[in-house]
Amino acid sequence: MKNYDKITSLFKRKGYVWGPSPEIYEGGVAGFYDLGPLGAMLFNNIENTVRAVYFENNYYEIKAPLIMPSKVWEASGHLGGFTDPLTKCTKCGAVFRVDKLIKELHPKEIVDGLTYKEYDKKIEDLSIKCASCKGPLSKTVPQDMMLKTTIGLDEEAYLRPETATTTYLQFKRYYEFFRNKLPFGVYQIGTAFRNEISPRNGLIRKREFTQAEAQLFIFKSDKNKYSEFKDFEKIKLPLLTWKEQDKKGKPKKTSLKEAIKGKIIQNKAYAVSLAVGYQIAMELGLDEKRLRYRQHYPNERAFYALDAWDLEYKTDSFGWVEICGVHDRSDYDLKQHAKYSGKDLRVKHGRKKEVPHILEIAAGIERLVFTVLEQAYDEEKRRTVLRLLPSIAPIQLKIFPLVSKDGLPEKAKNVYELMLNEDFFAEYDESGSIGRRYRRADEEGVPFCITIDHDTLEDESVTVRDRDTMKQVRVKINELEDFLEEAIEGDIDF
Ligand code: GAP
């Protein structure tokens with residue numbers, strides 16, 4: 001949990017993340033958080049970065065309802081089948097998610113893909129007791145994660161535990177929209193709800209969170225003939241197969257071409273989905289050395305999934321955290337919805353009619369927000385700084401008059417207006433010494449500060465200070481827009 005307390009207190013102070021919510025009622029409920037003004041802006045920037053990655057890769061956005069009647073969840077298999085392994089203290093009644101409890105106390109233990117009996121054996125072998133009172137723990141039992149509600153007077157319904165299922169229901173409409181041709185991709189960004197067992201990891205494990213899930217609909221026999229693959233085949237991903245995990249091996253940087261040849265990845269369209277998931281992490285500036293794609297063990301993945309890999313980021317606070325799951329969901333979903341709705345979801349494939357397969361890229365926005373913030377946090381001797389990528393920083397520019405007199409505030413406000421008109425996210429600040437204003441901007445992650453001084457009145461130039469190097473350069477006001485655009489793209493060396 002290195003730095004976690006310091007980081008969360010900075011996030012609270014600076015209006016990034018508040019909670020658990022509702023804070024004023026007995027300290028709030030675990031798993032619910034508010035985003036303050038800077039948090040909400042960062043969230044939107046991250047969401048828009050993911051949106052741009054999906055769109056660039058030919059997925060189209062849709063939006064579906066968050067609540068669906070029970071029948072939908074019976075069909076998807078979530079009702080009754082979407083559970084987490086729970087253990088209860090037989091003395092004080094505290095509940096724990098078994099896999100998380102074991103991992104927390106014994107980080108080196110492999111807990112992925114274990115059966116409930118195997119969890120019980122681990123609890124016994126490792127002499128794990130209740131984390132609150134040291135009492136004995138019960139046998140592992142399944143805990144339902146679905147959140148129930150009612151539509152109208154008495155129609156039983158559930159809040160969606162993933163966006164994916166609600167995306168699949170309109171398959172026939174997409175088919176028409178894409179002019180009766182496969183493959184095609186759609187994505188949805190929206191809220192999902194899970195009744196997580198005693199969540200304690202802040203934004204990492206919420207009970208209400210935002211998923212950005214892209215779905216590629218493709219015929220089974222086309223999965224390995226995917227023409228886009230040639231644009232991706234040289235991309236290298238840090239792949240950790242389940243067999244390597246068993247041997248406690250490390251991820252290997254493997255090109256998609258090699259991975260297909262070596263049958264590490266089963267088909268070309270799925271390989272491209274993995275690359276698109278990775279692109280999200282790259283666009284957000286996540287450190288490659290902290291990333292790996294971990295393949296699920298055969299008994300860990302959903303029973304219908306043909307393959308599943310999690311893109312994981314090594315956090316200082318919680319160790320490896322899944323930020324995006326990539327799943328080959330086969331034809332399971334559409335077949336189930338056809339069966340339960342009574343509608344034919346097959347489409348023409350040559351002379352036959354066929355239900356397509358679905359390849360899914362499932363990212364979680366809050367987890368991306370947390371990993372981006374944790375990675376950005378840096379303490380130096382004389383300052384704390386959030387090194388957010390300029391392209392996603394909530395406030396891109398702060399504009400300061402050096403002193404609050406001699407016409408400098410008026411001139412600084414002119415520059416501020418100019419920057420707003422050019423669509424930069426800018427803030428004006430004249431309170432406190434210039435040093436304090438720089439420190440404040442550093443803590444908020446503002447990449448560039450513009451100072452208006454007495455020379456500005458003479459020569460129409462300002463200083464631009466770079467957050468990371470603290471270096472300053474002089475730029476003419478009429479060249480400021482181009483300069484800052486390049487700086488935000490990372491094309492200027494200070
Ligand atoms: N449709 C597939 C699906 O839902 P998942 O791996 O369960 O797959 C996808 O979830 C992503 O959603 C995860 O990679 C993670 O980023 C995010 N996620 C899942 N549970 C979460 C939670 N309780 N709090 C925050 N994010 C969560």
# chains A, B, ... in the order shown; residues from 1 in each chain; ligands from 1
$ residues_near_ligand --ligand "ligand 1" --cutoff "7 Å" --atoms "only C-alpha atoms and all ligand atoms" --output "count of residues only"
27
$ residues_around --residues "A:Arg51" --least-positions-apart "3" --cutoff "12 Å" --atoms "only C-alpha atoms" --output "PDB file with all heavy atoms, in the first residue's frame"
ATOM      1  N   ASN A  44     -13.648  12.301 -17.680  1.00  0.00           N
ATOM      2  CA  ASN A  44     -14.168  12.552 -19.029  1.00  0.00           C
ATOM      3  C   ASN A  44     -13.058  12.470 -20.073  1.00  0.00           C
ATOM      4  O   ASN A  44     -13.258  11.937 -21.167  1.00  0.00           O
ATOM      5  CB  ASN A  44     -14.830  13.931 -19.119  1.00  0.00           C
ATOM      6  CG  ASN A  44     -16.135  13.961 -18.333  1.00  0.00           C
ATOM      7  OD1 ASN A  44     -16.713  12.913 -18.058  1.00  0.00           O
ATOM      8  ND2 ASN A  44     -16.585  15.143 -17.963  1.00  0.00           N
ATOM      9  N   ASN A  45     -11.873  12.997 -19.723  1.00  0.00           N
ATOM     10  CA  ASN A  45     -10.770  12.949 -20.691  1.00  0.00           C
ATOM     11  C   ASN A  45     -10.342  11.506 -20.961  1.00  0.00           C
ATOM     12  O   ASN A  45     -10.014  11.144 -22.093  1.00  0.00           O
ATOM     13  CB  ASN A  45      -9.568  13.761 -20.187  1.00  0.00           C
ATOM     14  CG  ASN A  45      -9.882  15.249 -20.167  1.00  0.00           C
ATOM     15  OD1 ASN A  45     -10.865  15.685 -20.766  1.00  0.00           O
ATOM     16  ND2 ASN A  45      -9.075  16.030 -19.472  1.00  0.00           N
ATOM     17  N   ILE A  46     -10.345  10.686 -19.888  1.00  0.00           N
ATOM     18  CA  ILE A  46      -9.957   9.280 -20.060  1.00  0.00           C
ATOM     19  C   ILE A  46     -11.028   8.547 -20.876  1.00  0.00           C
ATOM     20  O   ILE A  46     -10.730   7.815 -21.816  1.00  0.00           O
ATOM     21  CB  ILE A  46      -9.710   8.623 -18.678  1.00  0.00           C
ATOM     22  CG1 ILE A  46      -8.425   9.216 -18.081  1.00  0.00           C
ATOM     23  CG2 ILE A  46      -9.646   7.104 -18.789  1.00  0.00           C
ATOM     24  CD1 ILE A  46      -8.009   8.666 -16.745  1.00  0.00           C
ATOM     25  N   GLU A  47     -12.274   8.807 -20.507  1.00  0.00           N
ATOM     26  CA  GLU A  47     -13.377   8.181 -21.256  1.00  0.00           C
ATOM     27  C   GLU A  47     -13.294   8.555 -22.750  1.00  0.00           C
ATOM     28  O   GLU A  47     -13.437   7.704 -23.620  1.00  0.00           O
ATOM     29  CB  GLU A  47     -14.700   8.661 -20.653  1.00  0.00           C
ATOM     30  CG  GLU A  47     -15.883   7.887 -21.154  1.00  0.00           C
ATOM     31  CD  GLU A  47     -17.178   8.337 -20.484  1.00  0.00           C
ATOM     32  OE1 GLU A  47     -17.371   8.043 -19.293  1.00  0.00           O
ATOM     33  OE2 GLU A  47     -17.984   8.976 -21.168  1.00  0.00           O
ATOM     34  N   ASN A  48     -12.996   9.824 -23.013  1.00  0.00           N
ATOM     35  CA  ASN A  48     -12.926  10.251 -24.419  1.00  0.00           C
ATOM     36  C   ASN A  48     -11.718   9.663 -25.141  1.00  0.00           C
ATOM     37  O   ASN A  48     -11.759   9.452 -26.350  1.00  0.00           O
ATOM     38  CB  ASN A  48     -12.921  11.779 -24.519  1.00  0.00           C
ATOM     39  CG  ASN A  48     -14.325  12.322 -24.298  1.00  0.00           C
ATOM     40  OD1 ASN A  48     -15.311  11.645 -24.599  1.00  0.00           O
ATOM     41  ND2 ASN A  48     -14.427  13.517 -23.741  1.00  0.00           N
ATOM     42  N   TYR A  54     -11.534   3.288 -29.680  1.00  0.00           N
ATOM     43  CA  TYR A  54     -12.531   2.384 -30.276  1.00  0.00           C
ATOM     44  C   TYR A  54     -12.973   2.900 -31.652  1.00  0.00           C
ATOM     45  O   TYR A  54     -13.044   2.147 -32.616  1.00  0.00           O
ATOM     46  CB  TYR A  54     -13.760   2.239 -29.354  1.00  0.00           C
ATOM     47  CG  TYR A  54     -13.525   1.372 -28.126  1.00  0.00           C
ATOM     48  CD1 TYR A  54     -14.287   1.535 -26.970  1.00  0.00           C
ATOM     49  CD2 TYR A  54     -12.551   0.377 -28.111  1.00  0.00           C
ATOM     50  CE1 TYR A  54     -14.095   0.737 -25.847  1.00  0.00           C
ATOM     51  CE2 TYR A  54     -12.344  -0.418 -26.986  1.00  0.00           C
ATOM     52  CZ  TYR A  54     -13.120  -0.226 -25.860  1.00  0.00           C
ATOM     53  OH  TYR A  54     -12.930  -1.021 -24.752  1.00  0.00           O
ATOM     54  N   PHE A  55     -13.258   4.198 -31.705  1.00  0.00           N
ATOM     55  CA  PHE A  55     -13.768   4.753 -32.963  1.00  0.00           C
ATOM     56  C   PHE A  55     -12.734   4.612 -34.087  1.00  0.00           C
ATOM     57  O   PHE A  55     -13.052   4.215 -35.209  1.00  0.00           O
ATOM     58  CB  PHE A  55     -14.187   6.217 -32.773  1.00  0.00           C
ATOM     59  CG  PHE A  55     -14.961   6.738 -33.941  1.00  0.00           C
ATOM     60  CD1 PHE A  55     -16.233   6.256 -34.235  1.00  0.00           C
ATOM     61  CD2 PHE A  55     -14.416   7.704 -34.784  1.00  0.00           C
ATOM     62  CE1 PHE A  55     -16.951   6.710 -35.333  1.00  0.00           C
ATOM     63  CE2 PHE A  55     -15.128   8.170 -35.879  1.00  0.00           C
ATOM     64  CZ  PHE A  55     -16.392   7.672 -36.154  1.00  0.00           C
ATOM     65  N   GLU A  56     -11.483   4.893 -33.727  1.00  0.00           N
ATOM     66  CA  GLU A  56     -10.373   4.779 -34.684  1.00  0.00           C
ATOM     67  C   GLU A  56     -10.258   3.342 -35.205  1.00  0.00           C
ATOM     68  O   GLU A  56      -9.780   3.105 -36.304  1.00  0.00           O
ATOM     69  CB  GLU A  56      -9.113   5.140 -33.900  1.00  0.00           C
ATOM     70  CG  GLU A  56      -7.897   5.508 -34.684  1.00  0.00           C
ATOM     71  CD  GLU A  56      -6.799   5.795 -33.669  1.00  0.00           C
ATOM     72  OE1 GLU A  56      -6.924   6.785 -32.911  1.00  0.00           O
ATOM     73  OE2 GLU A  56      -5.841   5.023 -33.618  1.00  0.00           O
ATOM     74  N   ASN A  57     -10.662   2.390 -34.413  1.00  0.00           N
ATOM     75  CA  ASN A  57     -10.587   0.984 -34.815  1.00  0.00           C
ATOM     76  C   ASN A  57     -11.932   0.463 -35.336  1.00  0.00           C
ATOM     77  O   ASN A  57     -12.207  -0.739 -35.298  1.00  0.00           O
ATOM     78  CB  ASN A  57     -10.073   0.128 -33.661  1.00  0.00           C
ATOM     79  CG  ASN A  57      -8.578   0.334 -33.451  1.00  0.00           C
ATOM     80  OD1 ASN A  57      -7.770  -0.113 -34.251  1.00  0.00           O
ATOM     81  ND2 ASN A  57      -8.216   1.059 -32.401  1.00  0.00           N
ATOM     82  N   ASN A  58     -12.748   1.420 -35.794  1.00  0.00           N
ATOM     83  CA  ASN A  58     -14.004   1.100 -36.504  1.00  0.00           C
ATOM     84  C   ASN A  58     -15.140   0.535 -35.660  1.00  0.00           C
ATOM     85  O   ASN A  58     -15.995  -0.176 -36.180  1.00  0.00           O
ATOM     86  CB  ASN A  58     -13.740   0.138 -37.674  1.00  0.00           C
ATOM     87  CG  ASN A  58     -12.921   0.794 -38.731  1.00  0.00           C
ATOM     88  OD1 ASN A  58     -13.137   1.978 -39.019  1.00  0.00           O
ATOM     89  ND2 ASN A  58     -11.957   0.080 -39.259  1.00  0.00           N
ATOM     90  N   TYR A  59     -15.145   0.831 -34.379  1.00  0.00           N
ATOM     91  CA  TYR A  59     -16.308   0.476 -33.563  1.00  0.00           C
ATOM     92  C   TYR A  59     -17.217   1.700 -33.492  1.00  0.00           C
ATOM     93  O   TYR A  59     -16.725   2.830 -33.415  1.00  0.00           O
ATOM     94  CB  TYR A  59     -15.888   0.097 -32.136  1.00  0.00           C
ATOM     95  CG  TYR A  59     -15.103  -1.194 -32.024  1.00  0.00           C
ATOM     96  CD1 TYR A  59     -13.714  -1.197 -32.143  1.00  0.00           C
ATOM     97  CD2 TYR A  59     -15.748  -2.402 -31.784  1.00  0.00           C
ATOM     98  CE1 TYR A  59     -12.984  -2.379 -32.026  1.00  0.00           C
ATOM     99  CE2 TYR A  59     -15.027  -3.578 -31.654  1.00  0.00           C
ATOM    100  CZ  TYR A  59     -13.646  -3.559 -31.779  1.00  0.00           C
ATOM    101  OH  TYR A  59     -12.948  -4.721 -31.653  1.00  0.00           O
ATOM    102  N   TYR A  60     -18.530   1.475 -33.464  1.00  0.00           N
ATOM    103  CA  TYR A  60     -19.496   2.574 -33.383  1.00  0.00           C
ATOM    104  C   TYR A  60     -20.179   2.549 -32.024  1.00  0.00           C
ATOM    105  O   TYR A  60     -20.521   1.483 -31.520  1.00  0.00           O
ATOM    106  CB  TYR A  60     -20.547   2.444 -34.495  1.00  0.00           C
ATOM    107  CG  TYR A  60     -20.002   2.888 -35.826  1.00  0.00           C
ATOM    108  CD1 TYR A  60     -19.040   2.136 -36.483  1.00  0.00           C
ATOM    109  CD2 TYR A  60     -20.418   4.083 -36.405  1.00  0.00           C
ATOM    110  CE1 TYR A  60     -18.498   2.558 -37.689  1.00  0.00           C
ATOM    111  CE2 TYR A  60     -19.889   4.504 -37.622  1.00  0.00           C
ATOM    112  CZ  TYR A  60     -18.921   3.738 -38.247  1.00  0.00           C
ATOM    113  OH  TYR A  60     -18.397   4.164 -39.431  1.00  0.00           O
ATOM    114  N   GLU A  61     -20.402   3.748 -31.469  1.00  0.00           N
ATOM    115  CA  GLU A  61     -20.971   3.810 -30.118  1.00  0.00           C
ATOM    116  C   GLU A  61     -22.492   3.637 -30.131  1.00  0.00           C
ATOM    117  O   GLU A  61     -23.179   4.152 -31.008  1.00  0.00           O
ATOM    118  CB  GLU A  61     -20.622   5.158 -29.467  1.00  0.00           C
ATOM    119  CG  GLU A  61     -21.090   5.234 -28.026  1.00  0.00           C
ATOM    120  CD  GLU A  61     -20.398   6.326 -27.219  1.00  0.00           C
ATOM    121  OE1 GLU A  61     -19.582   7.072 -27.794  1.00  0.00           O
ATOM    122  OE2 GLU A  61     -20.677   6.418 -26.011  1.00  0.00           O
ATOM    123  N   ILE A  62     -22.986   2.923 -29.134  1.00  0.00           N
ATOM    124  CA  ILE A  62     -24.445   2.829 -28.909  1.00  0.00           C
ATOM    125  C   ILE A  62     -24.702   3.049 -27.420  1.00  0.00           C
ATOM    126  O   ILE A  62     -23.764   3.028 -26.622  1.00  0.00           O
ATOM    127  CB  ILE A  62     -25.018   1.460 -29.355  1.00  0.00           C
ATOM    128  CG1 ILE A  62     -24.407   0.298 -28.554  1.00  0.00           C
ATOM    129  CG2 ILE A  62     -24.793   1.224 -30.826  1.00  0.00           C
ATOM    130  CD1 ILE A  62     -25.277  -0.241 -27.516  1.00  0.00           C
ATOM    131  N   VAL A 186     -19.374  -2.638 -32.372  1.00  0.00           N
ATOM    132  CA  VAL A 186     -20.073  -1.566 -31.651  1.00  0.00           C
ATOM    133  C   VAL A 186     -19.522  -1.527 -30.232  1.00  0.00           C
ATOM    134  O   VAL A 186     -18.965  -2.513 -29.752  1.00  0.00           O
ATOM    135  CB  VAL A 186     -21.604  -1.758 -31.586  1.00  0.00           C
ATOM    136  CG1 VAL A 186     -22.252  -1.611 -32.937  1.00  0.00           C
ATOM    137  CG2 VAL A 186     -21.965  -3.075 -30.971  1.00  0.00           C
ATOM    138  N   TYR A 187     -19.658  -0.363 -29.605  1.00  0.00           N
ATOM    139  CA  TYR A 187     -19.205  -0.282 -28.215  1.00  0.00           C
ATOM    140  C   TYR A 187     -20.181   0.548 -27.405  1.00  0.00           C
ATOM    141  O   TYR A 187     -20.970   1.321 -27.949  1.00  0.00           O
ATOM    142  CB  TYR A 187     -17.789   0.296 -28.105  1.00  0.00           C
ATOM    143  CG  TYR A 187     -17.652   1.762 -28.417  1.00  0.00           C
ATOM    144  CD1 TYR A 187     -17.725   2.728 -27.407  1.00  0.00           C
ATOM    145  CD2 TYR A 187     -17.432   2.204 -29.712  1.00  0.00           C
ATOM    146  CE1 TYR A 187     -17.578   4.077 -27.687  1.00  0.00           C
ATOM    147  CE2 TYR A 187     -17.290   3.540 -30.005  1.00  0.00           C
ATOM    148  CZ  TYR A 187     -17.373   4.471 -28.989  1.00  0.00           C
ATOM    149  OH  TYR A 187     -17.236   5.812 -29.272  1.00  0.00           O
ATOM    150  N   GLN A 188     -20.079   0.356 -26.095  1.00  0.00           N
ATOM    151  CA  GLN A 188     -20.939   1.086 -25.190  1.00  0.00           C
ATOM    152  C   GLN A 188     -20.088   1.544 -24.009  1.00  0.00           C
ATOM    153  O   GLN A 188     -19.271   0.770 -23.498  1.00  0.00           O
ATOM    154  CB  GLN A 188     -22.062   0.166 -24.704  1.00  0.00           C
ATOM    155  CG  GLN A 188     -23.176   0.924 -24.084  1.00  0.00           C
ATOM    156  CD  GLN A 188     -24.405   0.086 -23.700  1.00  0.00           C
ATOM    157  OE1 GLN A 188     -25.258   0.614 -23.034  1.00  0.00           O
ATOM    158  NE2 GLN A 188     -24.517  -1.142 -24.100  1.00  0.00           N
ATOM    159  N   ILE A 189     -20.284   2.792 -23.588  1.00  0.00           N
ATOM    160  CA  ILE A 189     -19.617   3.278 -22.377  1.00  0.00           C
ATOM    161  C   ILE A 189     -20.730   3.653 -21.409  1.00  0.00           C
ATOM    162  O   ILE A 189     -21.573   4.489 -21.729  1.00  0.00           O
ATOM    163  CB  ILE A 189     -18.718   4.502 -22.660  1.00  0.00           C
ATOM    164  CG1 ILE A 189     -17.650   4.144 -23.712  1.00  0.00           C
ATOM    165  CG2 ILE A 189     -18.058   4.999 -21.370  1.00  0.00           C
ATOM    166  CD1 ILE A 189     -16.656   5.241 -24.036  1.00  0.00           C
ATOM    167  N   GLY A 190     -20.752   3.011 -20.260  1.00  0.00           N
ATOM    168  CA  GLY A 190     -21.829   3.326 -19.329  1.00  0.00           C
ATOM    169  C   GLY A 190     -21.679   2.589 -18.019  1.00  0.00           C
ATOM    170  O   GLY A 190     -20.737   1.819 -17.814  1.00  0.00           O
ATOM    171  N   GLN A 211     -18.071   1.005 -17.420  1.00  0.00           N
ATOM    172  CA  GLN A 211     -17.356   0.127 -18.337  1.00  0.00           C
ATOM    173  C   GLN A 211     -17.347   0.736 -19.737  1.00  0.00           C
ATOM    174  O   GLN A 211     -18.289   1.429 -20.122  1.00  0.00           O
ATOM    175  CB  GLN A 211     -18.043  -1.236 -18.407  1.00  0.00           C
ATOM    176  CG  GLN A 211     -17.912  -2.048 -17.126  1.00  0.00           C
ATOM    177  CD  GLN A 211     -18.469  -3.441 -17.306  1.00  0.00           C
ATOM    178  OE1 GLN A 211     -19.548  -3.608 -17.861  1.00  0.00           O
ATOM    179  NE2 GLN A 211     -17.748  -4.441 -16.829  1.00  0.00           N
ATOM    180  N   ALA A 212     -16.275   0.463 -20.459  1.00  0.00           N
ATOM    181  CA  ALA A 212     -16.204   0.844 -21.871  1.00  0.00           C
ATOM    182  C   ALA A 212     -15.940  -0.454 -22.607  1.00  0.00           C
ATOM    183  O   ALA A 212     -14.818  -0.948 -22.619  1.00  0.00           O
ATOM    184  CB  ALA A 212     -15.077   1.841 -22.097  1.00  0.00           C
ATOM    185  N   GLU A 213     -17.016  -1.047 -23.159  1.00  0.00           N
ATOM    186  CA  GLU A 213     -16.899  -2.401 -23.703  1.00  0.00           C
ATOM    187  C   GLU A 213     -17.210  -2.413 -25.201  1.00  0.00           C
ATOM    188  O   GLU A 213     -18.284  -1.990 -25.631  1.00  0.00           O
ATOM    189  CB  GLU A 213     -17.853  -3.343 -22.967  1.00  0.00           C
ATOM    190  CG  GLU A 213     -17.528  -3.436 -21.478  1.00  0.00           C
ATOM    191  CD  GLU A 213     -18.284  -4.567 -20.777  1.00  0.00           C
ATOM    192  OE1 GLU A 213     -19.518  -4.621 -20.867  1.00  0.00           O
ATOM    193  OE2 GLU A 213     -17.617  -5.392 -20.144  1.00  0.00           O
ATOM    194  N   ALA A 214     -16.223  -2.902 -25.954  1.00  0.00           N
ATOM    195  CA  ALA A 214     -16.375  -2.967 -27.411  1.00  0.00           C
ATOM    196  C   ALA A 214     -16.601  -4.415 -27.832  1.00  0.00           C
ATOM    197  O   ALA A 214     -15.975  -5.326 -27.284  1.00  0.00           O
ATOM    198  CB  ALA A 214     -15.110  -2.425 -28.073  1.00  0.00           C
ATOM    199  N   VAL A 276      -5.921  -3.669 -29.492  1.00  0.00           N
ATOM    200  CA  VAL A 276      -6.739  -2.458 -29.280  1.00  0.00           C
ATOM    201  C   VAL A 276      -6.848  -2.164 -27.778  1.00  0.00           C
ATOM    202  O   VAL A 276      -6.737  -1.017 -27.343  1.00  0.00           O
ATOM    203  CB  VAL A 276      -8.143  -2.608 -29.932  1.00  0.00           C
ATOM    204  CG1 VAL A 276      -9.033  -1.425 -29.581  1.00  0.00           C
ATOM    205  CG2 VAL A 276      -8.014  -2.747 -31.446  1.00  0.00           C
ATOM    206  N   GLY A 277      -7.022  -3.208 -26.969  1.00  0.00           N
ATOM    207  CA  GLY A 277      -7.045  -3.035 -25.512  1.00  0.00           C
ATOM    208  C   GLY A 277      -5.745  -2.402 -25.021  1.00  0.00           C
ATOM    209  O   GLY A 277      -5.748  -1.489 -24.190  1.00  0.00           O
ATOM    210  N   GLN A 279      -3.714  -0.582 -26.773  1.00  0.00           N
ATOM    211  CA  GLN A 279      -3.616   0.796 -27.289  1.00  0.00           C
ATOM    212  C   GLN A 279      -4.224   1.797 -26.293  1.00  0.00           C
ATOM    213  O   GLN A 279      -3.718   2.910 -26.134  1.00  0.00           O
ATOM    214  CB  GLN A 279      -4.333   0.876 -28.643  1.00  0.00           C
ATOM    215  CG  GLN A 279      -4.011   2.143 -29.421  1.00  0.00           C
ATOM    216  CD  GLN A 279      -4.859   2.267 -30.680  1.00  0.00           C
ATOM    217  OE1 GLN A 279      -5.326   1.267 -31.241  1.00  0.00           O
ATOM    218  NE2 GLN A 279      -5.072   3.496 -31.132  1.00  0.00           N
ATOM    219  N   ILE A 280      -5.286   1.373 -25.615  1.00  0.00           N
ATOM    220  CA  ILE A 280      -5.917   2.257 -24.618  1.00  0.00           C
ATOM    221  C   ILE A 280      -4.880   2.635 -23.562  1.00  0.00           C
ATOM    222  O   ILE A 280      -4.702   3.813 -23.221  1.00  0.00           O
ATOM    223  CB  ILE A 280      -7.126   1.549 -23.951  1.00  0.00           C
ATOM    224  CG1 ILE A 280      -8.242   1.355 -24.970  1.00  0.00           C
ATOM    225  CG2 ILE A 280      -7.617   2.334 -22.731  1.00  0.00           C
ATOM    226  CD1 ILE A 280      -9.417   0.528 -24.461  1.00  0.00           C
ATOM    227  N   GLU A 283      -2.257   5.062 -24.999  1.00  0.00           N
ATOM    228  CA  GLU A 283      -2.759   6.434 -25.206  1.00  0.00           C
ATOM    229  C   GLU A 283      -2.858   7.188 -23.883  1.00  0.00           C
ATOM    230  O   GLU A 283      -2.815   8.403 -23.853  1.00  0.00           O
ATOM    231  CB  GLU A 283      -4.143   6.416 -25.856  1.00  0.00           C
ATOM    232  CG  GLU A 283      -4.181   5.822 -27.249  1.00  0.00           C
ATOM    233  CD  GLU A 283      -3.597   6.736 -28.311  1.00  0.00           C
ATOM    234  OE1 GLU A 283      -3.643   7.960 -28.118  1.00  0.00           O
ATOM    235  OE2 GLU A 283      -3.078   6.211 -29.313  1.00  0.00           O
ATOM    236  N   ALA A 363     -13.038  -2.588 -20.877  1.00  0.00           N
ATOM    237  CA  ALA A 363     -12.189  -1.761 -20.010  1.00  0.00           C
ATOM    238  C   ALA A 363     -13.042  -1.105 -18.924  1.00  0.00           C
ATOM    239  O   ALA A 363     -14.242  -0.900 -19.105  1.00  0.00           O
ATOM    240  CB  ALA A 363     -11.502  -0.679 -20.838  1.00  0.00           C
ATOM    241  N   ILE A 365     -13.395   2.298 -16.614  1.00  0.00           N
ATOM    242  CA  ILE A 365     -12.874   3.670 -16.599  1.00  0.00           C
ATOM    243  C   ILE A 365     -12.301   4.044 -15.225  1.00  0.00           C
ATOM    244  O   ILE A 365     -11.220   4.636 -15.138  1.00  0.00           O
ATOM    245  CB  ILE A 365     -13.948   4.700 -17.023  1.00  0.00           C
ATOM    246  CG1 ILE A 365     -14.510   4.363 -18.403  1.00  0.00           C
ATOM    247  CG2 ILE A 365     -13.365   6.112 -17.020  1.00  0.00           C
ATOM    248  CD1 ILE A 365     -13.575   4.519 -19.563  1.00  0.00           C
TER     249      ILE A 365
END
$ residues_around --residues "A:Val141" --least-positions-apart "3" --cutoff "10 Å" --atoms "only C-alpha atoms" --output "list in words"
Thr83, Asp84, Pro85, Leu86, Thr87, Lys88, Arg97, Val98, Tyr116, Lys117, Asp120, Ser138 and Asp144 of chain A
$ closest_residue --among "A:Gly249, A:Gly319, A:Gly435, A:Pro69" --to "A:Tyr158" --atoms "only C-alpha atoms"
A:Pro69
$ residues_around --residues "stretch 284-292 of chain A" --least-positions-apart "3" --cutoff "9 Å" --atoms "only C-alpha atoms" --output "PyMOL selection string"
chain A and resi 46+49-50+237-240+251-252+278-281+310-315+320+368+371-372+375+388-389+391-392
$ residues_around --residues "A:Thr8" --least-positions-apart "2" --cutoff "10 Å" --atoms "only C-alpha atoms" --output "list in words"
Asn3, Tyr4, Asp5, Lys6, Leu10, Phe11, Lys12, Arg13, Lys14, Tyr16, Val17, Trp18, Gly202, Phe370, Leu373 and Glu374 of chain A
$ closest_atom_pairs --of "stretch 37-117 of chain A" --to "stretch 396-417 of chain A" --cutoff "12 Å" --atoms "only C-alpha atoms" --output "tab-separated table"
residue	atom	partner	partner_atom	distance
A:Leu38	CA	A:Gln396	CA	11.3
A:Met41	CA	A:Gln396	CA	11.0
A:Leu42	CA	A:Gln396	CA	10.9
A:Asn45	CA	A:Gln396	CA	11.5
$ write_last_selection --atoms "N, CA and C atoms" --output "PDB file, in the first residue's frame"
ATOM      1  N   LEU A  38     -11.971  18.145 -10.431  1.00  0.00           N
ATOM      2  CA  LEU A  38     -10.823  17.709 -11.244  1.00  0.00           C
ATOM      3  C   LEU A  38     -10.968  16.234 -11.623  1.00  0.00           C
ATOM      4  N   MET A  41     -13.312  15.898 -14.524  1.00  0.00           N
ATOM      5  CA  MET A  41     -12.712  16.307 -15.802  1.00  0.00           C
ATOM      6  C   MET A  41     -11.720  15.253 -16.301  1.00  0.00           C
ATOM      7  N   LEU A  42     -10.926  14.695 -15.356  1.00  0.00           N
ATOM      8  CA  LEU A  42      -9.971  13.648 -15.745  1.00  0.00           C
ATOM      9  C   LEU A  42     -10.729  12.424 -16.270  1.00  0.00           C
ATOM     10  N   ASN A  45     -11.873  12.997 -19.723  1.00  0.00           N
ATOM     11  CA  ASN A  45     -10.770  12.949 -20.691  1.00  0.00           C
ATOM     12  C   ASN A  45     -10.342  11.506 -20.961  1.00  0.00           C
TER      13      ASN A  45
END
$ closest_residue --among "A:Ala305, A:Ile450, A:Leu418, A:Val72" --to "A:Glu430" --atoms "only C-alpha atoms"
A:Ile450
$ closest_residue --among "A:His357, A:Arg436, A:Arg387, A:Lys139" --to "A:Ser330" --atoms "only C-alpha atoms"
A:His357
